[in-house]
Amino acid sequence: MRMLLKACMDTEKGNEAIRNGTLGKLMEESMAQIKPEAAYFTADGGKRTAFLVFDLKDPSDIPSISEPFFLNLGAEITYTPVMNAEEVGTGLSKLR
């Protein structure tokens, strides 16, 4: 299932990860693990935030995806199922 992962990082833990050089490595490892079709980085609510769109093949993968963000960055994580335009069209056609 296509998922949107939003990871809002704790500012102090993010600062420390930048100072000690682990933030880039953590993001690279996360990208390699989930192979997102899109990845965006911004500030949201005053916190460093990553938006990653990826295919969640098995819900049992959620802990291995989430824990690095929780443990290393004190992140607040949300998962939201999402559709592309074609999938919305398919879903709407089922209403008829």
# chains A, B, ... in the order shown; residues from 1 in each chain; ligands from 1
>>> closest_atom_pairs(of="region 22-52 of chain A", to="region 60-80 of chain A", cutoff="8 Å", atoms="only C-alpha atoms", output="Markdown table")
| residue | atom | partner | partner_atom | distance |
| --- | --- | --- | --- | --- |
| A:Leu26 | CA | A:Pro68 | CA | 7.4 |
| A:Ser30 | CA | A:Ile65 | CA | 7.1 |
| A:Gln33 | CA | A:Ile65 | CA | 7.7 |
| A:Ile34 | CA | A:Ile65 | CA | 7.5 |
>>> residues_around(residues="Ala50 (chain A)", least_positions_apart="3", cutoff="7 Å", atoms="only C-alpha atoms", output="PyMOL selection string")
chain A and resi 6-8+40-42
>>> write_last_selection(atoms="N, CA and C atoms", output="PDB file, in the first residue's frame")
ATOM      1  N   LYS A   6       5.306  10.869   7.552  1.00  0.00           N
ATOM      2  CA  LYS A   6       5.706  12.207   7.980  1.00  0.00           C
ATOM      3  C   LYS A   6       6.507  12.030   9.260  1.00  0.00           C
ATOM      4  N   ALA A   7       7.744  12.502   9.251  1.00  0.00           N
ATOM      5  CA  ALA A   7       8.609  12.417  10.423  1.00  0.00           C
ATOM      6  C   ALA A   7       9.030  13.824  10.826  1.00  0.00           C
ATOM      7  N   CYS A   8       8.482  14.288  11.963  1.00  0.00           N
ATOM      8  CA  CYS A   8       8.848  15.594  12.525  1.00  0.00           C
ATOM      9  C   CYS A   8       9.890  15.360  13.608  1.00  0.00           C
ATOM     10  N   TYR A  40      10.567  14.482   0.398  1.00  0.00           N
ATOM     11  CA  TYR A  40      10.632  15.938   0.532  1.00  0.00           C
ATOM     12  C   TYR A  40      11.015  16.289   1.954  1.00  0.00           C
ATOM     13  N   PHE A  41      11.780  17.353   2.098  1.00  0.00           N
ATOM     14  CA  PHE A  41      12.280  17.784   3.402  1.00  0.00           C
ATOM     15  C   PHE A  41      11.989  19.268   3.561  1.00  0.00           C
ATOM     16  N   THR A  42      11.462  19.636   4.725  1.00  0.00           N
ATOM     17  CA  THR A  42      11.070  21.014   4.959  1.00  0.00           C
ATOM     18  C   THR A  42      11.011  21.257   6.462  1.00  0.00           C
TER      19      THR A  42
END
>>> closest_residue(among="A:Arg48, A:Glu86, A:Ser93, A:Met1", to="Lys13 (chain A)", atoms="only C-alpha atoms")
A:Arg48
>>> atom_distance(atom1="CA of Gly14 (chain A)", atom2="CA of Gly46 (chain A)")
12.2 Å
>>> select_by_dssp(residues="region 60-95 of chain A", states="alpha helix (DSSP H)", output="ChimeraX atom specification")
/A:62-73,85-93
>>> write_last_selection(atoms="N, CA, C and O atoms", output="mmCIF file, in the first residue's frame")
data_model
loop_
_atom_site.group_PDB
_atom_site.id
_atom_site.type_symbol
_atom_site.label_atom_id
_atom_site.label_comp_id
_atom_site.auth_asym_id
_atom_site.auth_seq_id
_atom_site.Cartn_x
_atom_site.Cartn_y
_atom_site.Cartn_z
ATOM 1 N N ILE A 62 6.719 -1.627 9.740
ATOM 2 C CA ILE A 62 6.591 -0.317 10.387
ATOM 3 C C ILE A 62 7.605 -0.115 11.520
ATOM 4 O O ILE A 62 8.248 0.937 11.569
ATOM 5 N N PRO A 63 7.813 -1.063 12.417
ATOM 6 C CA PRO A 63 8.802 -0.822 13.480
ATOM 7 C C PRO A 63 10.222 -0.578 12.951
ATOM 8 O O PRO A 63 10.907 0.343 13.418
ATOM 9 N N SER A 64 10.657 -1.364 11.972
ATOM 10 C CA SER A 64 12.032 -1.174 11.481
ATOM 11 C C SER A 64 12.192 0.134 10.716
ATOM 12 O O SER A 64 13.289 0.686 10.657
ATOM 13 N N ILE A 65 11.103 0.638 10.156
ATOM 14 C CA ILE A 65 11.145 1.939 9.483
ATOM 15 C C ILE A 65 11.120 3.069 10.511
ATOM 16 O O ILE A 65 11.859 4.047 10.407
ATOM 17 N N SER A 66 10.279 2.938 11.520
ATOM 18 C CA SER A 66 10.040 4.014 12.487
ATOM 19 C C SER A 66 11.126 4.171 13.541
ATOM 20 O O SER A 66 11.470 5.298 13.913
ATOM 21 N N GLU A 67 11.617 3.068 14.066
ATOM 22 C CA GLU A 67 12.506 3.130 15.236
ATOM 23 C C GLU A 67 13.741 3.994 15.049
ATOM 24 O O GLU A 67 14.119 4.717 15.975
ATOM 25 N N PRO A 68 14.415 3.979 13.898
ATOM 26 C CA PRO A 68 15.564 4.879 13.761
ATOM 27 C C PRO A 68 15.190 6.354 13.946
ATOM 28 O O PRO A 68 15.951 7.123 14.537
ATOM 29 N N PHE A 69 14.013 6.739 13.472
ATOM 30 C CA PHE A 69 13.550 8.122 13.652
ATOM 31 C C PHE A 69 13.220 8.395 15.121
ATOM 32 O O PHE A 69 13.547 9.452 15.660
ATOM 33 N N PHE A 70 12.557 7.443 15.773
ATOM 34 C CA PHE A 70 12.228 7.604 17.192
ATOM 35 C C PHE A 70 13.498 7.660 18.053
ATOM 36 O O PHE A 70 13.678 8.567 18.861
ATOM 37 N N LEU A 71 14.357 6.663 17.876
ATOM 38 C CA LEU A 71 15.525 6.523 18.747
ATOM 39 C C LEU A 71 16.570 7.619 18.545
ATOM 40 O O LEU A 71 17.152 8.106 19.516
ATOM 41 N N ASN A 72 16.828 7.976 17.299
ATOM 42 C CA ASN A 72 17.924 8.905 17.007
ATOM 43 C C ASN A 72 17.500 10.357 16.921
ATOM 44 O O ASN A 72 18.330 11.252 17.113
ATOM 45 N N LEU A 73 16.215 10.591 16.601
ATOM 46 C CA LEU A 73 15.787 11.968 16.355
ATOM 47 C C LEU A 73 14.597 12.392 17.203
ATOM 48 O O LEU A 73 14.108 13.510 17.051
ATOM 49 N N ALA A 85 -3.411 9.871 -8.728
ATOM 50 C CA ALA A 85 -4.612 10.262 -9.471
ATOM 51 C C ALA A 85 -5.285 9.062 -10.133
ATOM 52 O O ALA A 85 -6.524 8.956 -10.145
ATOM 53 N N GLU A 86 -4.501 8.156 -10.679
ATOM 54 C CA GLU A 86 -5.069 6.969 -11.322
ATOM 55 C C GLU A 86 -5.838 6.115 -10.318
ATOM 56 O O GLU A 86 -6.941 5.627 -10.607
ATOM 57 N N GLU A 87 -5.287 5.952 -9.137
ATOM 58 C CA GLU A 87 -5.952 5.150 -8.107
ATOM 59 C C GLU A 87 -7.245 5.809 -7.620
ATOM 60 O O GLU A 87 -8.231 5.122 -7.337
ATOM 61 N N VAL A 88 -7.252 7.135 -7.525
ATOM 62 C CA VAL A 88 -8.486 7.842 -7.161
ATOM 63 C C VAL A 88 -9.559 7.574 -8.220
ATOM 64 O O VAL A 88 -10.708 7.272 -7.903
ATOM 65 N N GLY A 89 -9.152 7.660 -9.498
ATOM 66 C CA GLY A 89 -10.092 7.385 -10.585
ATOM 67 C C GLY A 89 -10.659 5.972 -10.508
ATOM 68 O O GLY A 89 -11.873 5.758 -10.665
ATOM 69 N N THR A 90 -9.794 4.998 -10.238
ATOM 70 C CA THR A 90 -10.247 3.621 -10.086
ATOM 71 C C THR A 90 -11.221 3.500 -8.918
ATOM 72 O O THR A 90 -12.263 2.858 -9.026
ATOM 73 N N GLY A 91 -10.885 4.132 -7.815
ATOM 74 C CA GLY A 91 -11.769 4.096 -6.650
ATOM 75 C C GLY A 91 -13.102 4.734 -6.918
ATOM 76 O O GLY A 91 -14.161 4.206 -6.524
ATOM 77 N N LEU A 92 -13.100 5.870 -7.608
ATOM 78 C CA LEU A 92 -14.357 6.550 -7.925
ATOM 79 C C LEU A 92 -15.222 5.734 -8.870
ATOM 80 O O LEU A 92 -16.458 5.748 -8.776
ATOM 81 N N SER A 93 -14.572 5.000 -9.784
ATOM 82 C CA SER A 93 -15.338 4.170 -10.724
ATOM 83 C C SER A 93 -16.080 3.053 -9.999
ATOM 84 O O SER A 93 -17.078 2.539 -10.500
#
>>> atom_distance(atom1="CA of Thr11 (chain A)", atom2="CA of Lys35 (chain A)")
25.3 Å
>>> atom_distance(atom1="CA of Arg2 (chain A)", atom2="CA of Lys57 (chain A)")
8.6 Å
